[in-house]
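Student: One file: input_3.cif (mmCIF, C-alpha atoms and all ligand atoms).
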data_start
loop_
_atom_site.label_atom_id
_atom_site.label_comp_id
_atom_site.auth_asym_id
_atom_site.auth_seq_id
_atom_site.Cartn_x
_atom_site.Cartn_y
_atom_site.Cartn_z
CA MET A 234 0.00 0.00 0.00
CA LYS A 235 2.56 2.45 1.24
CA SER A 236 4.97 1.79 -1.59
CA ASP A 237 2.17 2.30 -4.13
CA THR A 238 1.48 5.73 -2.70
CA GLN A 239 5.16 6.47 -2.66
CA ASN A 240 5.55 5.49 -6.29
CA LYS A 241 2.62 7.61 -7.40
CA GLN A 242 3.63 10.66 -5.45
CA ASN A 243 7.28 10.22 -5.89
CA PRO A 244 8.91 8.51 -8.82
CA ASP A 245 12.54 7.54 -8.21
CA ILE A 246 14.71 10.57 -8.45
CA LYS A 247 17.79 10.47 -10.60
CA THR A 248 20.59 12.63 -9.35
CA GLY A 249 24.06 12.55 -10.79
CA GLY A 250 23.57 9.08 -12.25
CA SER A 251 22.40 7.38 -9.02
CA VAL A 252 18.80 6.38 -8.43
CA LEU A 253 17.46 6.96 -4.94
CA LYS A 254 14.29 5.31 -3.78
CA CYS A 255 12.30 6.63 -0.84
CA ASP A 256 13.43 3.71 1.33
CA ASP A 257 17.07 4.53 0.62
CA ILE A 258 16.50 8.17 1.47
CA GLN A 259 14.62 7.40 4.67
CA ALA A 260 17.42 5.11 5.80
CA LEU A 261 19.74 8.11 5.49
CA LEU A 262 17.54 10.70 7.19
CA PHE A 263 18.97 10.39 10.67
CA SER A 264 22.54 10.47 9.37
CA TYR A 265 21.64 13.45 7.24
CA MET A 266 20.13 15.34 10.17
CA THR A 267 23.08 14.65 12.43
CA ARG A 268 25.58 15.68 9.74
CA GLU A 269 27.07 12.28 9.24
CA LEU A 270 26.70 12.18 5.46
CA GLY A 271 29.30 13.47 3.08
CA SER A 272 28.37 16.56 1.09
CA ALA A 273 27.48 14.58 -2.07
CA ARG A 274 25.01 12.31 -0.32
CA SER A 275 23.66 15.20 1.78
CA ASP A 276 22.87 17.01 -1.46
CA LEU A 277 21.02 13.97 -2.81
CA VAL A 278 18.94 13.62 0.35
CA ARG A 279 18.18 17.34 0.53
CA GLU A 280 17.14 17.39 -3.10
CA HIS A 281 14.92 14.31 -2.66
CA ILE A 282 13.21 15.66 0.48
CA ARG A 283 12.49 18.92 -1.28
CA LYS A 284 10.50 17.08 -3.95
CA CYS A 285 9.03 14.12 -2.05
CA PRO A 286 6.16 14.67 0.43
CA VAL A 287 6.45 11.11 1.82
CA CYS A 288 10.08 11.59 2.77
CA GLN A 289 9.28 15.10 4.03
CA ALA A 290 6.83 13.54 6.50
CA ALA A 291 9.35 10.88 7.50
CA ALA A 292 11.97 13.59 8.03
CA ALA A 293 9.55 15.57 10.20
CA ASP A 294 9.01 12.49 12.40
CA VAL A 295 12.73 11.93 12.85
CA GLN A 296 13.22 15.63 13.57
CA ALA A 297 10.43 15.57 16.18
CA ALA A 298 12.00 12.60 17.95
CA LEU A 299 15.40 14.29 17.81
CA ASP A 300 14.03 17.55 19.22
CA ALA A 301 12.16 15.78 22.02
CA LEU A 302 15.30 13.87 22.98
CA ARG A 303 17.37 17.04 22.96
CA ASP A 304 14.71 18.72 25.13
CA SER A 305 15.04 15.91 27.61
CA SER A 306 18.63 16.93 28.26
CA ALA A 307 17.06 19.74 30.30
CA PHE A 308 17.76 17.69 33.40
CA ASP A 309 21.49 17.54 32.58
CA ASP A 310 22.16 20.22 35.19
CA GLN A 311 20.71 17.99 37.85
CA LEU A 312 22.82 15.00 36.87
CA PRO A 313 25.75 14.29 39.18
CA LYS A 314 28.96 15.78 37.83
CA ARG A 315 31.42 14.28 40.27
CA LEU A 316 31.95 10.93 41.84
CA SER A 317 31.22 11.10 45.55
CA ASP A 318 34.25 11.42 47.86
CA LYS A 319 33.43 8.01 49.26
CA ARG A 320 33.71 6.45 45.81
CA ARG A 321 36.91 8.30 44.95
CA GLU A 322 38.44 6.99 48.14
CA HIS A 323 37.19 3.53 47.29
CA ILE A 324 38.91 3.62 43.89
CA VAL A 325 42.26 4.54 45.48
CA TRP A 326 41.71 1.92 48.19
CA ALA A 327 41.01 -0.74 45.54
CA TYR A 328 44.27 0.19 43.80
CA THR A 329 46.35 0.15 46.98
CA HIS A 330 44.66 -2.96 48.46
CA PRO A 331 44.14 -5.27 45.46
CA VAL A 332 43.68 -8.46 47.51
CA MET A 333 41.12 -6.91 49.85
CA ASP A 334 39.35 -5.44 46.85
CA TRP A 335 39.23 -8.84 45.15
CA ILE A 336 37.66 -10.35 48.28
CA ASP A 337 35.23 -7.44 48.54
CA ARG A 338 34.27 -7.83 44.89
CA HIS A 339 33.83 -11.60 45.07
CA HIS A 340 32.32 -11.65 48.54
CA VAL A 341 29.56 -14.07 47.50
CA MET A 342 32.06 -16.56 46.10
CA VAL A 343 34.44 -16.01 49.04
CA SER A 344 31.67 -16.56 51.57
CA MET A 345 30.54 -19.69 49.70
CA ILE A 346 34.10 -21.06 49.73
CA ILE A 347 34.43 -20.25 53.45
CA ALA A 348 31.06 -21.91 54.10
CA ALA A 349 32.14 -24.99 52.09
CA ILE A 350 35.42 -25.19 54.01
CA ALA A 351 33.59 -24.80 57.32
CA LEU A 352 31.11 -27.51 56.31
CA ALA A 353 33.91 -29.89 55.24
CA ALA A 354 35.71 -29.21 58.53
CA ALA A 355 32.51 -29.85 60.49
CA ILE A 356 31.90 -33.16 58.65
CA ALA A 357 35.51 -34.24 59.22
CA LEU A 358 35.22 -33.36 62.91
CA VAL A 359 31.99 -35.34 63.25
CA ARG A 360 33.66 -38.40 61.66
CA ILE A 361 36.68 -38.13 63.95
CA VAL A 362 34.41 -37.88 66.95
CA GLU A 363 32.37 -40.87 65.71
CA LYS A 364 35.54 -42.97 65.38
CA TRP A 365 36.95 -41.72 68.67
CA PRO A 366 35.51 -44.44 70.98
CA GLU A 367 36.99 -47.21 68.75
CA ASN A 368 40.49 -46.06 69.64
CA LEU A 369 39.82 -46.07 73.34
CA PRO A 370 39.89 -49.21 75.58
CA GLU A 371 36.45 -50.72 75.63
CA PRO A 372 34.73 -49.84 78.84
CA GLY A 373 32.76 -52.75 80.27
CA PRO A 374 31.63 -54.47 83.37
CA THR A 375 34.65 -56.84 83.21
CA VAL A 376 37.03 -54.14 84.38
CA ILE A 377 37.64 -54.59 88.04
CA ILE A 378 39.10 -51.75 89.97
CA GLY A 379 42.31 -52.76 91.55
CA ALA A 380 42.89 -55.78 89.24
CA PRO A 381 46.33 -56.12 87.56
CA LYS A 382 46.56 -54.39 84.16
CA GLU A 383 46.21 -56.97 81.39
CA ASN A 384 44.76 -54.87 78.63
CA PRO A 385 47.02 -55.26 75.57
CA GLY A 386 45.36 -52.23 73.97
CA LYS A 387 47.19 -49.89 76.26
CA PRO A 388 50.68 -49.17 75.04
CA SER A 389 51.45 -46.68 77.76
CA SER A 390 53.14 -49.21 79.98
CA LYS A 391 55.55 -50.03 77.12
CA SER A 392 56.68 -46.48 76.68
CA ASP A 393 57.29 -46.02 80.34
CA PRO A 394 60.95 -46.06 81.16
CA MET B 203 62.08 6.06 40.17
CA THR B 204 61.18 4.05 43.27
CA GLY B 205 58.07 1.93 43.54
CA LYS B 206 56.55 4.46 45.89
CA GLU B 207 57.19 7.32 43.44
CA ILE B 208 55.69 5.30 40.58
CA LYS B 209 52.59 4.63 42.65
CA ALA B 210 52.28 8.31 43.64
CA ARG B 211 52.68 9.39 40.02
CA ARG B 212 50.09 6.87 38.88
CA LEU B 213 47.66 8.09 41.53
CA LYS B 214 48.18 11.67 40.36
CA ASN B 215 47.60 10.73 36.70
CA PHE B 216 44.58 8.78 37.72
CA GLU B 217 43.09 11.75 39.54
CA GLN B 218 43.50 13.71 36.31
CA VAL B 219 41.73 11.02 34.26
CA VAL B 220 38.87 10.80 36.77
CA SER B 221 38.36 14.56 36.72
CA GLU B 222 38.39 14.59 32.94
CA TYR B 223 35.80 11.87 32.34
CA GLU B 224 33.67 11.48 35.47
CA ALA B 225 30.96 13.99 34.49
CA ALA B 226 30.39 12.51 31.01
CA LEU B 227 30.43 8.94 32.30
CA LEU B 228 28.06 9.71 35.18
CA ARG B 229 25.71 11.38 32.72
CA TYR B 230 25.89 8.37 30.41
CA ALA B 231 25.35 5.82 33.19
CA ALA B 232 22.53 7.82 34.78
CA ARG B 233 20.76 7.91 31.41
CA ILE B 234 21.03 4.18 30.85
CA LEU B 235 20.25 3.23 34.45
CA GLN B 236 17.91 6.07 35.45
CA ASP B 237 19.40 5.84 38.91
CA TYR B 238 22.07 8.23 40.29
CA ASP B 239 23.38 5.91 42.94
CA ALA B 240 23.75 2.98 40.58
CA ALA B 241 25.42 5.33 38.08
CA GLN B 242 28.00 6.29 40.72
CA ASP B 243 28.67 2.61 41.46
CA VAL B 244 29.04 1.70 37.82
CA VAL B 245 31.41 4.60 37.07
CA GLN B 246 33.43 3.83 40.19
CA ASP B 247 33.81 0.20 39.05
CA ALA B 248 34.86 1.27 35.56
CA PHE B 249 37.60 3.51 36.99
CA ILE B 250 38.81 0.70 39.27
CA LYS B 251 39.04 -1.59 36.24
CA LEU B 252 40.88 1.09 34.28
CA PHE B 253 43.29 1.69 37.12
CA LYS B 254 44.08 -2.01 37.38
CA SER B 255 44.24 -3.02 33.76
CA TRP B 256 45.67 0.03 31.95
CA LYS B 257 49.34 -0.81 31.61
CA GLU B 258 50.49 2.21 29.63
CA GLU B 259 50.97 5.76 30.93
CA LEU B 260 47.55 6.87 32.14
CA THR B 261 46.60 10.27 30.70
CA PRO B 262 43.35 11.56 29.21
CA SER B 263 43.20 10.34 25.60
CA PRO B 264 40.60 9.19 23.06
CA GLN B 265 41.65 5.58 23.75
CA VAL B 266 41.04 5.96 27.49
CA SER B 267 37.73 7.69 26.80
CA CYS B 268 36.55 4.88 24.47
CA TRP B 269 37.66 2.23 26.91
CA LEU B 270 35.79 3.90 29.76
CA TYR B 271 32.55 4.34 27.80
CA ARG B 272 32.69 0.69 26.79
CA VAL B 273 33.32 -0.56 30.32
CA VAL B 274 30.70 1.74 31.86
CA HIS B 275 28.19 0.40 29.35
CA ASN B 276 29.07 -3.21 30.09
CA CYS B 277 28.88 -2.60 33.85
CA ALA B 278 25.52 -0.86 33.38
CA VAL B 279 24.18 -3.78 31.33
CA ASP B 280 25.35 -6.20 34.04
CA TYR B 281 23.65 -4.07 36.67
CA LEU B 282 20.38 -3.94 34.71
CA ARG B 283 20.42 -7.71 34.19
CA LYS B 284 20.98 -8.20 37.89
CA ILE B 285 18.03 -6.01 38.87
CA ALA B 286 15.88 -7.53 36.11
CA ARG B 287 16.55 -10.98 37.58
CA LYS B 288 15.59 -9.70 41.02
CA ARG B 289 12.46 -8.07 39.63
CA ILE B 290 11.42 -11.28 37.86
CA LEU B 291 11.81 -13.14 41.12
CA HIS B 292 9.76 -10.62 43.03
CA LEU B 293 7.28 -9.44 40.47
CA ARG B 294 6.37 -11.64 37.53
CA HIS B 295 4.31 -9.07 35.71
CA ALA B 296 7.05 -6.45 35.75
CA ALA B 297 7.38 -6.60 31.98
CA GLU B 298 3.70 -5.89 31.41
CA GLN B 299 3.89 -2.97 33.81
CA ALA B 300 6.94 -1.55 32.08
CA ASP B 301 4.96 -1.44 28.85
CA THR B 302 2.12 0.60 30.26
CA VAL B 303 3.60 2.69 33.05
CA PRO B 304 6.65 4.86 32.38
CA PRO B 305 9.36 4.17 34.95
CA ASP B 306 9.26 6.59 37.86
CA ARG B 307 12.61 8.27 37.93
CA GLY B 308 11.85 10.52 40.88
CA ASP B 309 11.48 14.28 41.11
CA ALA B 310 15.00 14.98 39.92
CA PHE B 311 14.06 13.61 36.49
CA ARG B 312 10.75 15.49 35.88
CA LEU B 313 10.61 16.77 32.31
CA SER B 314 8.25 18.42 29.84
CA GLU B 315 5.62 16.10 28.40
CA ALA B 316 7.27 15.73 24.98
CA ALA B 317 10.67 15.13 26.50
CA GLU B 318 9.17 12.66 28.95
CA ARG B 319 7.65 10.75 26.03
CA ALA B 320 10.99 10.74 24.24
CA VAL B 321 12.75 9.35 27.33
CA THR B 322 10.08 6.66 27.69
CA ALA B 323 10.51 5.83 24.00
CA LEU B 324 14.28 5.70 24.48
CA HIS B 325 13.98 3.22 27.31
CA ALA B 326 11.66 1.03 25.26
CA LEU B 327 14.59 0.41 22.89
CA ASP B 328 16.99 -2.43 23.45
CA LEU B 329 20.19 -1.61 25.31
CA ARG B 330 22.40 -1.51 22.22
CA GLU B 331 20.05 0.98 20.56
CA GLN B 332 19.86 3.06 23.76
CA GLN B 333 23.64 3.10 23.93
CA LEU B 334 23.94 4.42 20.37
CA VAL B 335 21.19 7.02 20.75
CA ILE B 336 22.66 8.32 24.01
CA LEU B 337 26.15 8.52 22.56
CA LYS B 338 24.97 10.20 19.37
CA ILE B 339 22.34 12.62 20.62
CA TYR B 340 23.27 13.45 24.19
CA GLU B 341 27.02 12.95 24.07
CA GLU B 342 27.26 14.22 20.48
CA LYS B 343 29.73 11.54 19.43
CA SER B 344 30.40 10.96 15.74
CA TYR B 345 29.65 7.62 14.09
CA ARG B 346 33.41 7.04 13.99
CA GLU B 347 33.74 7.61 17.77
CA ILE B 348 30.71 5.40 18.45
CA SER B 349 32.27 2.73 16.26
CA ASP B 350 35.47 2.93 18.34
CA ILE B 351 33.51 2.64 21.58
CA THR B 352 31.22 -0.18 20.54
CA GLY B 353 33.33 -2.12 18.07
CA LEU B 354 30.52 -1.86 15.48
CA THR B 355 31.31 -0.72 11.95
CA VAL B 356 30.45 2.88 11.06
CA SER B 357 27.76 1.75 8.63
CA ASN B 358 26.29 -0.57 11.24
CA VAL B 359 26.13 2.36 13.67
CA GLY B 360 24.15 4.35 11.09
CA TYR B 361 21.89 1.39 10.37
CA ILE B 362 21.07 0.70 14.04
CA LEU B 363 20.49 4.40 14.73
CA HIS B 364 18.15 4.70 11.77
CA HIS B 365 16.03 1.82 13.08
CA ALA B 366 16.17 3.08 16.65
CA MET B 367 14.93 6.52 15.61
CA LYS B 368 12.19 4.94 13.53
CA LYS B 369 11.03 2.94 16.54
CA MET B 370 11.21 6.04 18.72
CA SER B 371 9.18 8.14 16.28
CA GLU B 372 6.51 5.44 16.17
CA HIS B 373 6.49 5.15 19.96
CA ILE B 374 6.15 8.91 20.36
CA LYS B 375 3.39 9.09 17.75
CA ASN B 376 1.51 6.21 19.41
CA THR B 377 1.65 7.86 22.81
CA ASP B 378 0.54 11.11 21.16
CA ALA B 379 -2.52 9.33 19.74
CA LYS B 380 -3.43 7.92 23.17
ZN ZN A 401 10.81 9.96 -0.91
#
Output the file's structure in the form of structure tokens.
Ligand SMILES: [Zn+2]

Tutor:
Amino acid sequence: MKSDTQNKQNPDIKTGGSVLKCDDIQALLFSYMTRELGSARSDLVREHIRKCPVCQAAAADVQAALDALRDSSAFDDQLPKRLSDKRREHIVWAYTHPVMDWIDRHHVMVSMIIAAIALAAAIALVRIVEKWPENLPEPGPTVIIGAPKENPGKPSSKSDP
Amino acid sequence: MTGKEIKARRLKNFEQVVSEYEAALLRYAARILQDYDAAQDVVQDAFIKLFKSWKEELTPSPQVSCWLYRVVHNCAVDYLRKIARKRILHLRHAAEQADTVPPDRGDAFRLSEAAERAVTALHALDLREQQLVILKIYEEKSYREISDITGLTVSNVGYILHHAMKKMSEHIKNTDAK
């Protein structure tokens, strides 16, 4: 539909040997308006817009969006212009304390590693404690206080001088 | 030169680089993030990265400027993804809301109606398009400079901007009609 209207209102324009269709021109509008086209192509676009109402409308839309965006820079004055002192100090601190900074930056990973180590240590401790009684002389009702020591499990008597 | 002198000199150069670029980078980050505090964090992180990874003499230069814009953008994208994840966890219909209600940027960001519509239209674009529009229109960078910052070709910059502006015009016209 749209291209039919374009073709009726605006036959392809020949300029300096090159043929420019409306689509080609519209693809260049933003670059044209922000002065990114070389002078030759700028001339082609300008010439086309002058003659083509469809591209004139498209150019007006782009211009409106551009103007509105530029208007929105009204709050530029309120934007922060300096890093806060706290952040400046932090940058210098990060440079002078690279290891601490790395830990600070990866605190989630560091705390997970610490938690994993703590968990592994806790499990190991539990296992040691579980095995602990096996290494000790078996307590039982057969032990008679005052009886001569016959327990072979106790090496202490051997190491005595 | 002793290690201490090198460090002192580097700190002095760094101060110079921060002073040169902080305002532009804060402006850029605040526009993408719509949040002053987050903008400060993102710019701070970019300077820390610069300080740590820039091996050559640190002085204001187009290379340093490009590098900083790129890193600020990447940090801002990371930040937005992080808060988007949080928002999805907390509020499943956040996306639907974002379509109908313009984000509330607080009193500091109150604008004229047309400008407000343009900002809403800007934030309806994807982040790459927003980046290019902000660099081109607010920061007045050339396609060549934007190409250096983003790594896109100059013609690709023009192509993306053309489509972004088309989307924005349509968005503005649609909100006009409502
Ligand atoms: Zn035309």

Student: Which protein, DNA or RNA residues have an atom within 6 Å of ligand ZN 401 (chain A), counting only C-alpha atoms and all ligand atoms, as a list in words?

Tutor: Cys255, Cys285, Val287 and Cys288 of chain A

Student: Wanna dump the chain B-chain A contacts at 9 Å for me, each residue with its shortest atom pair and the distance in Å to one decimal, counting all atoms listed in the file, ordered by chain and number, as a Markdown table?

Tutor:
| residue | atom | partner | partner_atom | distance |
| --- | --- | --- | --- | --- |
| B:Lys209 | CA | A:Thr329 | CA | 8.8 |
| B:Leu213 | CA | A:Val325 | CA | 7.6 |
| B:Glu217 | CA | A:Arg321 | CA | 8.9 |
| B:Val220 | CA | A:Leu316 | CA | 8.6 |
| B:Ser221 | CA | A:Arg315 | CA | 7.8 |
| B:Glu224 | CA | A:Arg315 | CA | 6.0 |
| B:Ala225 | CA | A:Lys314 | CA | 4.3 |
| B:Ala226 | CA | A:Lys314 | CA | 7.7 |
| B:Leu227 | CA | A:Lys314 | CA | 8.9 |
| B:Leu228 | CA | A:Pro313 | CA | 6.5 |
| B:Arg229 | CA | A:Leu312 | CA | 6.2 |
| B:Ala232 | CA | A:Leu312 | CA | 7.5 |
| B:Tyr238 | CA | A:Pro313 | CA | 7.2 |
| B:Gln242 | CA | A:Leu316 | CA | 6.2 |
| B:Asp243 | CA | A:Arg320 | CA | 7.7 |
| B:Val245 | CA | A:Leu316 | CA | 7.9 |
| B:Gln246 | CA | A:Arg320 | CA | 6.2 |
| B:Asp247 | CA | A:Ile324 | CA | 7.8 |
| B:Phe249 | CA | A:Ile324 | CA | 7.0 |
| B:Ile250 | CA | A:Ile324 | CA | 5.5 |
| B:Phe253 | CA | A:Tyr328 | CA | 6.9 |
| B:Lys254 | CA | A:Tyr328 | CA | 6.8 |
| B:Ala310 | CA | A:Gln311 | CA | 6.8 |
| B:Phe311 | CA | A:Phe308 | CA | 6.3 |
| B:Arg312 | CA | A:Phe308 | CA | 7.8 |
| B:Leu313 | CA | A:Ser305 | CA | 6.5 |
| B:Ser314 | CA | A:Ser305 | CA | 7.6 |
| B:Ala316 | CA | A:Ala301 | CA | 5.7 |
| B:Ala317 | CA | A:Ser305 | CA | 4.6 |
| B:Glu318 | CA | A:Ser305 | CA | 6.8 |
| B:Arg319 | CA | A:Ala301 | CA | 7.9 |
| B:Ala320 | CA | A:Leu302 | CA | 5.5 |
| B:Val321 | CA | A:Leu302 | CA | 6.8 |
| B:Leu324 | CA | A:Leu302 | CA | 8.4 |
| B:Lys338 | CA | A:Thr267 | CA | 8.5 |
| B:Ile339 | CA | A:Arg303 | CA | 7.1 |
| B:Tyr340 | CA | A:Arg303 | CA | 7.0 |
| B:Ser344 | CA | A:Glu269 | CA | 7.4 |
| B:Tyr345 | CA | A:Glu269 | CA | 7.2 |
| B:Gly360 | CA | A:Ser264 | CA | 6.6 |
| B:Tyr361 | CA | A:Ala260 | CA | 7.4 |
| B:Leu363 | CA | A:Phe263 | CA | 7.4 |
| B:His364 | CA | A:Phe263 | CA | 5.9 |
| B:His365 | CA | A:Ala260 | CA | 8.1 |
| B:Met367 | CA | A:Val295 | CA | 6.5 |
| B:Lys368 | CA | A:Val295 | CA | 7.0 |
| B:Met370 | CA | A:Ala298 | CA | 6.7 |
| B:Ser371 | CA | A:Ala298 | CA | 5.5 |
| B:Glu372 | CA | A:Asp294 | CA | 8.4 |
| B:Ile374 | CA | A:Ala298 | CA | 7.3 |
| B:Lys375 | CA | A:Asp294 | CA | 8.5 |

Student: Identify, on the basis of all atoms listed in the file, every residue whose closest approach to range 259-270 of chain B does not exceed 7 Å; exclude the query and any residue fewer than 5 positions from it along the same chain; express the result as JSON, numbers by chain.

Tutor: {"B": [215, 216, 219, 222, 248, 350, 351]}

Student: Interatomic distance between CA of Arg287 in chain B and CA of Val274 in chain B?

Tutor: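 So the answer is 19.9 Å.
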
Student: Let me know the centre plus edge lengths, in Å and rounded to one decimal, of a box with edges along x, y and z that contains all listed atoms of range 357-371 of chain B and is padded by 3 Å on every side, as lines of an AutoDock Vina configuration file.

Tutor:
center_x = 18.5
center_y = 3.8
center_z = 13.7
size_x = 24.6
size_y = 14.7
size_z = 16.1

Student: Which residue is closest to Leu282 in chain B? Choose from B:Glu207, B:Glu331, B:Glu341, B:Asp237 and count only C-alpha atoms.

Tutor: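 Of all the options, B:Asp237 lies closest to Leu282 in chain B.
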
Student: From the list B:Leu334, B:Thr322, B:Arg346, B:Thr352, which residue is nearest Asn376 in chain B when using all atoms listed in the file?

Tutor: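 Using all atoms listed in the file, the shortest distance to Asn376 in chain B belongs to B:Thr322.
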
Student: Figure out the distance between CA of Glu347 in chain B and CA of Lys284 in chain B, please, to one decimal in Å.

Tutor: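 Value for the CA of Lys284 in chain B-CA of Glu347 in chain B distance: 28.6 Å.
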